[in-house]
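Notes follow once the structure below has been shown.
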Amino acid sequence: MREWVIGGAQMGAIQKSDSRESVVERMVSLLDQAAEKGCDLVVFPELALTTFFPRWYMEEQAEVDTWFEREMPNAATQPLFDRAREKRIAISFGYAELTPEGRHFNTSIVTNRDGEIVGKYRKIHLPGHVEYDSERDFQHLEKRYFEPGDLGFETFDNEGTLMGMCICNDRRWPETWRVMGLQGVELVMLGYNTPSINSQNRGEGLEKRLYHSELSVTAGAYQNATWGVAVAKAGVEDGFPLMGGSIIVDPDGFVVARAQTEGDELITATCDMDLCQFGKQTIFDFARHRRIEHYGRITSQVGVER
Ligand code: CDT
């Protein structure tokens, strides 16, 4: 399948007290709207099933683990998988994954239109910090609750289209996009939970934060000649605001659909995967133009060295 009607299912706030079941009801309702619009694929946000719990400092592992899913699908998410299969819509969404070995990842999956999981990604660039930070306006404890993903930036053939995923902070790193670009990716799906306020710089402002998000996705899409779908969890969660700004971006780096609200909102676009070919065969024909003899620092060094 080369032409997909894609839905970006932005979600509004999820409070700490909201049950998984009530969230899944909202996701099913967005899926129903997507079905009416003829969508073949719907992308939901990062950690779509719960509030953005890494803002809360927890010391008891048993409490931390209540935010994680031990299997997927599970009882709470089965209705979403069932409706997606019934409507023949592929879905992608993020959740906190607790493996049988006791490992914790910030994960996303993608299904085909039969509701079978055909791809999994575990977030690699984990932002934030490990210990309580009294200097910040609020906490961002992803480095405390998750370990870095161990699956790399894989791509997946989903019904004839090469799809990849990344999660939130990953979108800001060109390496994320290029590793998938080097596999010929045609669609990158990502969800995010981005605070509207910089916890270390209150003066930054929402406009700049939305711009940086959009810049990252449009640049990544253009420089790798791929479609990009970036979907927010937005709104005010227990007093903490998250920004919206969900977008669908074409392989030339242009935004073709953009959310207007900070609530549950579906954006859609018809995405022809063959539009990736021109960029991949010309200015971003990697085989002809890349000069890897000068890229050594990208993999041999982490911080700045002179
Ligand atoms: N969820 C996530 O990765 N959010 C980050 C905020 C980082 S602030 C410590 C983001 O890059 O949007």
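Within each chain, counting starts at residue 1; across the structure tokens, chains are named A, B, ... in the order shown, with ligands numbered 1 upward in that order.
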Kindly compile the residues surrounding ligand 1 within 7 Å, counting only C-alpha atoms and all ligand atoms, and format them as a PyMOL selection string. chain A and resi 126-128+140+167-169+172+192-195+198
Please return, as a PyMOL selection string, all residues of range 83-267 of chain A that DSSP assigns to helix (DSSP H, G or I) on the basis of the backbone. chain A and resi 83-87+142-145+168-172+174-181+202-204+206-224
Using CA of Trp4 in chain A and CA of Phe286 in chain A as the two end points, give the distance in Å to one decimal.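 Value for the CA of Trp4 in chain A-CA of Phe286 in chain A distance: 25.5 Å.
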Would you list the contacts of Ala287 in chain A as a ChimeraX atom specification, taking every protein, DNA or RNA residue within 10 Å and counting only C-alpha atoms, but skipping same-chain residues closer than 6 positions in sequence? /A:182,280-281
Could you name the residues that touch Ile91 in chain A at 9 Å or less, counting only C-alpha atoms, but leaving out those on the same chain fewer than 3 positions away, as a ChimeraX atom specification? /A:31,40-44,81,84,109-113,115,117
Export N, CA, C and O atoms of the chosen residues as a tab-separated table (two decimals), in the first residue's frame?
chain	number	residue	atom	x	y	z
A	31	LEU	N	-10.45	7.06	17.11
A	31	LEU	CA	-10.35	6.06	16.04
A	31	LEU	C	-11.63	6.06	15.20
A	31	LEU	O	-11.59	5.94	13.97
A	40	ASP	N	-6.34	5.12	7.22
A	40	ASP	CA	-5.76	3.77	7.19
A	40	ASP	C	-4.82	3.54	8.36
A	40	ASP	O	-4.46	2.41	8.68
A	41	LEU	N	-4.35	4.64	8.94
A	41	LEU	CA	-3.35	4.57	10.02
A	41	LEU	C	-3.59	5.74	10.96
A	41	LEU	O	-3.82	6.87	10.49
A	42	VAL	N	-3.57	5.48	12.26
A	42	VAL	CA	-3.72	6.56	13.25
A	42	VAL	C	-2.56	6.49	14.24
A	42	VAL	O	-2.25	5.43	14.77
A	43	VAL	N	-1.94	7.65	14.44
A	43	VAL	CA	-0.79	7.75	15.35
A	43	VAL	C	-1.23	8.50	16.61
A	43	VAL	O	-1.76	9.61	16.52
A	44	PHE	N	-1.02	7.87	17.77
A	44	PHE	CA	-1.34	8.47	19.07
A	44	PHE	C	-0.03	8.92	19.75
A	44	PHE	O	1.06	8.57	19.30
A	81	PHE	N	-7.43	-2.26	20.20
A	81	PHE	CA	-6.97	-3.19	19.16
A	81	PHE	C	-8.17	-3.77	18.40
A	81	PHE	O	-8.13	-3.91	17.17
A	84	ALA	N	-9.68	-1.12	16.09
A	84	ALA	CA	-8.77	-0.84	14.98
A	84	ALA	C	-8.87	-1.96	13.93
A	84	ALA	O	-8.94	-1.68	12.72
A	109	ILE	N	4.59	1.14	19.67
A	109	ILE	CA	4.38	0.01	18.75
A	109	ILE	C	3.59	0.50	17.54
A	109	ILE	O	2.93	1.55	17.60
A	110	VAL	N	3.68	-0.27	16.47
A	110	VAL	CA	2.82	-0.02	15.31
A	110	VAL	C	2.20	-1.35	14.90
A	110	VAL	O	2.87	-2.39	14.98
A	111	THR	N	0.94	-1.30	14.49
A	111	THR	CA	0.26	-2.51	14.01
A	111	THR	C	0.01	-2.39	12.51
A	111	THR	O	0.11	-1.30	11.93
A	112	ASN	N	-0.34	-3.52	11.90
A	112	ASN	CA	-0.88	-3.45	10.55
A	112	ASN	C	-2.40	-3.28	10.65
A	112	ASN	O	-2.95	-3.14	11.77
A	113	ARG	N	-3.09	-3.32	9.52
A	113	ARG	CA	-4.54	-3.06	9.56
A	113	ARG	C	-5.33	-4.29	10.05
A	113	ARG	O	-6.54	-4.22	10.21
A	115	GLY	N	-4.52	-5.46	12.97
A	115	GLY	CA	-4.37	-5.34	14.41
A	115	GLY	C	-3.20	-6.12	14.98
A	115	GLY	O	-3.09	-6.30	16.20
A	117	ILE	N	0.76	-6.47	15.85
A	117	ILE	CA	1.93	-5.60	16.08
A	117	ILE	C	3.04	-6.02	15.11
A	117	ILE	O	3.47	-7.17	15.10
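Our summary of the geometry notes that CA of Ala234 in chain A is positioned 15.5 Å from CA of Tyr211 in chain A.
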Nearest to Arg209 in chain A, chosen from A:Gly244, A:Arg26, A:Leu275, A:Leu141, with only C-alpha atoms counted in the distances: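 When distances to Arg209 in chain A are compared using only C-alpha atoms, the smallest one comes from A:Gly244.
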So how many Å separate CA of Gly245 in chain A and CA of Gln33 in chain A, to one decimal?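 Computing the Euclidean distance for CA of Gly245 in chain A and CA of Gln33 in chain A yields 19.3 Å.
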If we count only C-alpha atoms and set the cut-off at 7 Å, which residues sit around Ala257 in chain A, ignoring sequence neighbours fewer than 2 positions away in its own chain? Please answer as a VMD selection string. chain A and resid 247 to 248 255 259 267 to 269
Just-selected residues, C-alpha atoms written as a PDB file, in the first residue's frame:
ATOM      1  CA  ILE A 247       1.706  18.046  12.672  1.00  0.00           C
ATOM      2  CA  ILE A 248       1.899  15.898   9.568  1.00  0.00           C
ATOM      3  CA  VAL A 255       3.480  20.933   7.188  1.00  0.00           C
ATOM      4  CA  ALA A 259      -3.659  20.736  15.251  1.00  0.00           C
ATOM      5  CA  ILE A 267      -5.640  15.837  12.069  1.00  0.00           C
ATOM      6  CA  THR A 268      -5.501  13.994   8.752  1.00  0.00           C
ATOM      7  CA  ALA A 269      -3.636  13.988   5.456  1.00  0.00           C
TER       8      ALA A 269
END
Pick from A:Ala225, A:Leu30, A:Ile292, A:Cys39, whichever lies nearest to Leu80 in chain A using only C-alpha atoms: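 Looking only at the distances to Leu80 in chain A, the closest residue turns out to be A:Leu30.
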Which of these residues is nearest to Phe52 in chain A, using only C-alpha atoms: A:Glu25, A:Asp32, A:Glu237, A:Glu305? A:Glu237
Which residues are near Glu71 in chain A? Cut-off 12 Å, only C-alpha atoms, ignore same chain within fewer than 6 positions. Put them as a list in words. Thr77, Gln78, Tyr95, Ala96, Glu97, Leu98, Thr99, Pro100, Thr107 and Ile109 of chain A
Next, write the just-selected residues to a file, as a CSV table (one decimal), in the first residue's frame, keeping all heavy atoms as the atom set.
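Output file result-v7.csv is given in full below:
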chain,number,residue,atom,x,y,z
A,77,THR,N,-6.3,-2.2,27.0
A,77,THR,CA,-6.1,-1.7,25.6
A,77,THR,C,-6.8,-2.6,24.5
A,77,THR,O,-6.8,-2.3,23.4
A,77,THR,CB,-4.6,-1.6,25.2
A,77,THR,OG1,-4.0,-2.9,25.5
A,77,THR,CG2,-3.9,-0.5,26.1
A,78,GLN,N,-7.2,-3.8,24.9
A,78,GLN,CA,-7.8,-4.7,24.0
A,78,GLN,C,-9.0,-4.1,23.1
A,78,GLN,O,-9.0,-4.3,21.9
A,78,GLN,CB,-8.4,-6.0,24.7
A,78,GLN,CG,-8.7,-7.1,23.7
A,78,GLN,CD,-7.5,-7.6,22.9
A,78,GLN,OE1,-6.5,-8.0,23.4
A,78,GLN,NE2,-7.7,-7.6,21.5
A,95,TYR,N,3.6,3.7,25.2
A,95,TYR,CA,3.2,3.3,26.6
A,95,TYR,C,4.5,2.9,27.3
A,95,TYR,O,5.6,2.7,26.7
A,95,TYR,CB,2.3,2.0,26.5
A,95,TYR,CG,2.9,0.8,25.9
A,95,TYR,CD1,3.4,-0.2,26.7
A,95,TYR,CD2,2.9,0.6,24.5
A,95,TYR,CE1,4.0,-1.4,26.1
A,95,TYR,CE2,3.5,-0.5,24.0
A,95,TYR,CZ,4.0,-1.5,24.8
A,95,TYR,OH,4.6,-2.6,24.2
A,96,ALA,N,4.4,2.8,28.6
A,96,ALA,CA,5.5,2.4,29.5
A,96,ALA,C,5.5,0.9,29.6
A,96,ALA,O,4.5,0.3,30.0
A,96,ALA,CB,5.4,3.1,30.9
A,97,GLU,N,6.7,0.3,29.2
A,97,GLU,CA,6.7,-1.1,29.0
A,97,GLU,C,7.6,-1.7,30.2
A,97,GLU,O,8.7,-1.3,30.4
A,97,GLU,CB,7.4,-1.5,27.7
A,97,GLU,CG,7.6,-3.0,27.5
A,97,GLU,CD,8.5,-3.3,26.3
A,97,GLU,OE1,9.1,-2.4,25.7
A,97,GLU,OE2,8.5,-4.5,25.9
A,98,LEU,N,7.0,-2.7,30.9
A,98,LEU,CA,7.8,-3.5,31.9
A,98,LEU,C,7.9,-4.9,31.4
A,98,LEU,O,6.9,-5.6,31.2
A,98,LEU,CB,7.0,-3.4,33.2
A,98,LEU,CG,7.6,-4.3,34.4
A,98,LEU,CD1,9.1,-4.0,34.6
A,98,LEU,CD2,6.8,-4.0,35.7
A,99,THR,N,9.1,-5.3,31.1
A,99,THR,CA,9.3,-6.6,30.4
A,99,THR,C,9.3,-7.7,31.5
A,99,THR,O,9.4,-7.5,32.7
A,99,THR,CB,10.7,-6.7,29.7
A,99,THR,OG1,11.7,-6.8,30.7
A,99,THR,CG2,10.9,-5.5,28.9
A,100,PRO,N,9.1,-9.0,31.1
A,100,PRO,CA,9.1,-10.1,32.0
A,100,PRO,C,10.4,-10.2,32.8
A,100,PRO,O,10.4,-10.7,33.9
A,100,PRO,CB,8.9,-11.3,31.1
A,100,PRO,CG,8.3,-10.8,29.9
A,100,PRO,CD,8.8,-9.4,29.7
A,107,THR,N,8.2,3.0,25.4
A,107,THR,CA,8.0,2.2,24.2
A,107,THR,C,6.9,2.7,23.2
A,107,THR,O,5.9,3.3,23.7
A,107,THR,CB,7.7,0.8,24.6
A,107,THR,OG1,8.9,0.3,25.3
A,107,THR,CG2,7.4,-0.2,23.4
A,109,ILE,N,4.6,1.1,19.7
A,109,ILE,CA,4.4,0.0,18.8
A,109,ILE,C,3.6,0.5,17.5
A,109,ILE,O,2.9,1.6,17.6
A,109,ILE,CB,3.6,-1.2,19.4
A,109,ILE,CG1,2.4,-0.7,20.1
A,109,ILE,CG2,4.5,-1.9,20.4
A,109,ILE,CD1,1.1,-1.0,19.5
Which is closer to Glu135 in chain A than all the others in A:Phe240, A:Asn201, A:Ser92, A:Asp250, using only C-alpha atoms?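 That would be A:Asn201, the residue with the smallest distance to Glu135 in chain A.
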Using only C-alpha atoms, which residue out of A:His129, A:Lys233, A:Glu36, A:Ser108 lies closest to Thr50 in chain A? A:Lys233
Residues near Arg202 in chain A, anyone? I mean within 12 Å using only C-alpha atoms, not counting same-chain ones fewer than 5 positions away, as a compact mmCIF listing (two decimals) with N, CA, C and O atoms, in the first residue's frame.
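For reference, selection20.txt as written:
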# COMPACT_ATOMS: atom_id res chain seq x y z
N ARG A 136 14.71 22.98 39.53
CA ARG A 136 13.73 23.05 38.43
C ARG A 136 12.36 23.44 38.95
O ARG A 136 12.00 23.10 40.08
N ASP A 137 11.57 24.07 38.07
CA ASP A 137 10.20 24.41 38.44
C ASP A 137 9.36 23.14 38.62
O ASP A 137 8.39 23.12 39.36
N PHE A 138 9.68 22.10 37.86
CA PHE A 138 9.01 20.80 38.02
C PHE A 138 9.97 19.73 37.52
O PHE A 138 10.96 20.03 36.84
N PRO A 195 6.44 19.74 27.90
CA PRO A 195 5.89 20.81 28.75
C PRO A 195 5.86 22.14 28.01
O PRO A 195 6.78 22.45 27.24
N SER A 196 4.81 22.93 28.22
CA SER A 196 4.70 24.23 27.56
C SER A 196 5.70 25.22 28.13
O SER A 196 5.96 26.28 27.55
N ILE A 197 6.24 24.88 29.30
CA ILE A 197 7.19 25.75 30.00
C ILE A 197 8.51 25.01 30.13
O ILE A 197 8.52 23.81 30.41
N LYS A 208 8.39 29.69 21.15
CA LYS A 208 9.72 29.13 20.82
C LYS A 208 9.70 27.60 20.95
O LYS A 208 10.30 26.89 20.14
N ARG A 209 8.98 27.11 21.95
CA ARG A 209 8.95 25.66 22.16
C ARG A 209 8.22 24.95 21.01
O ARG A 209 8.65 23.90 20.54
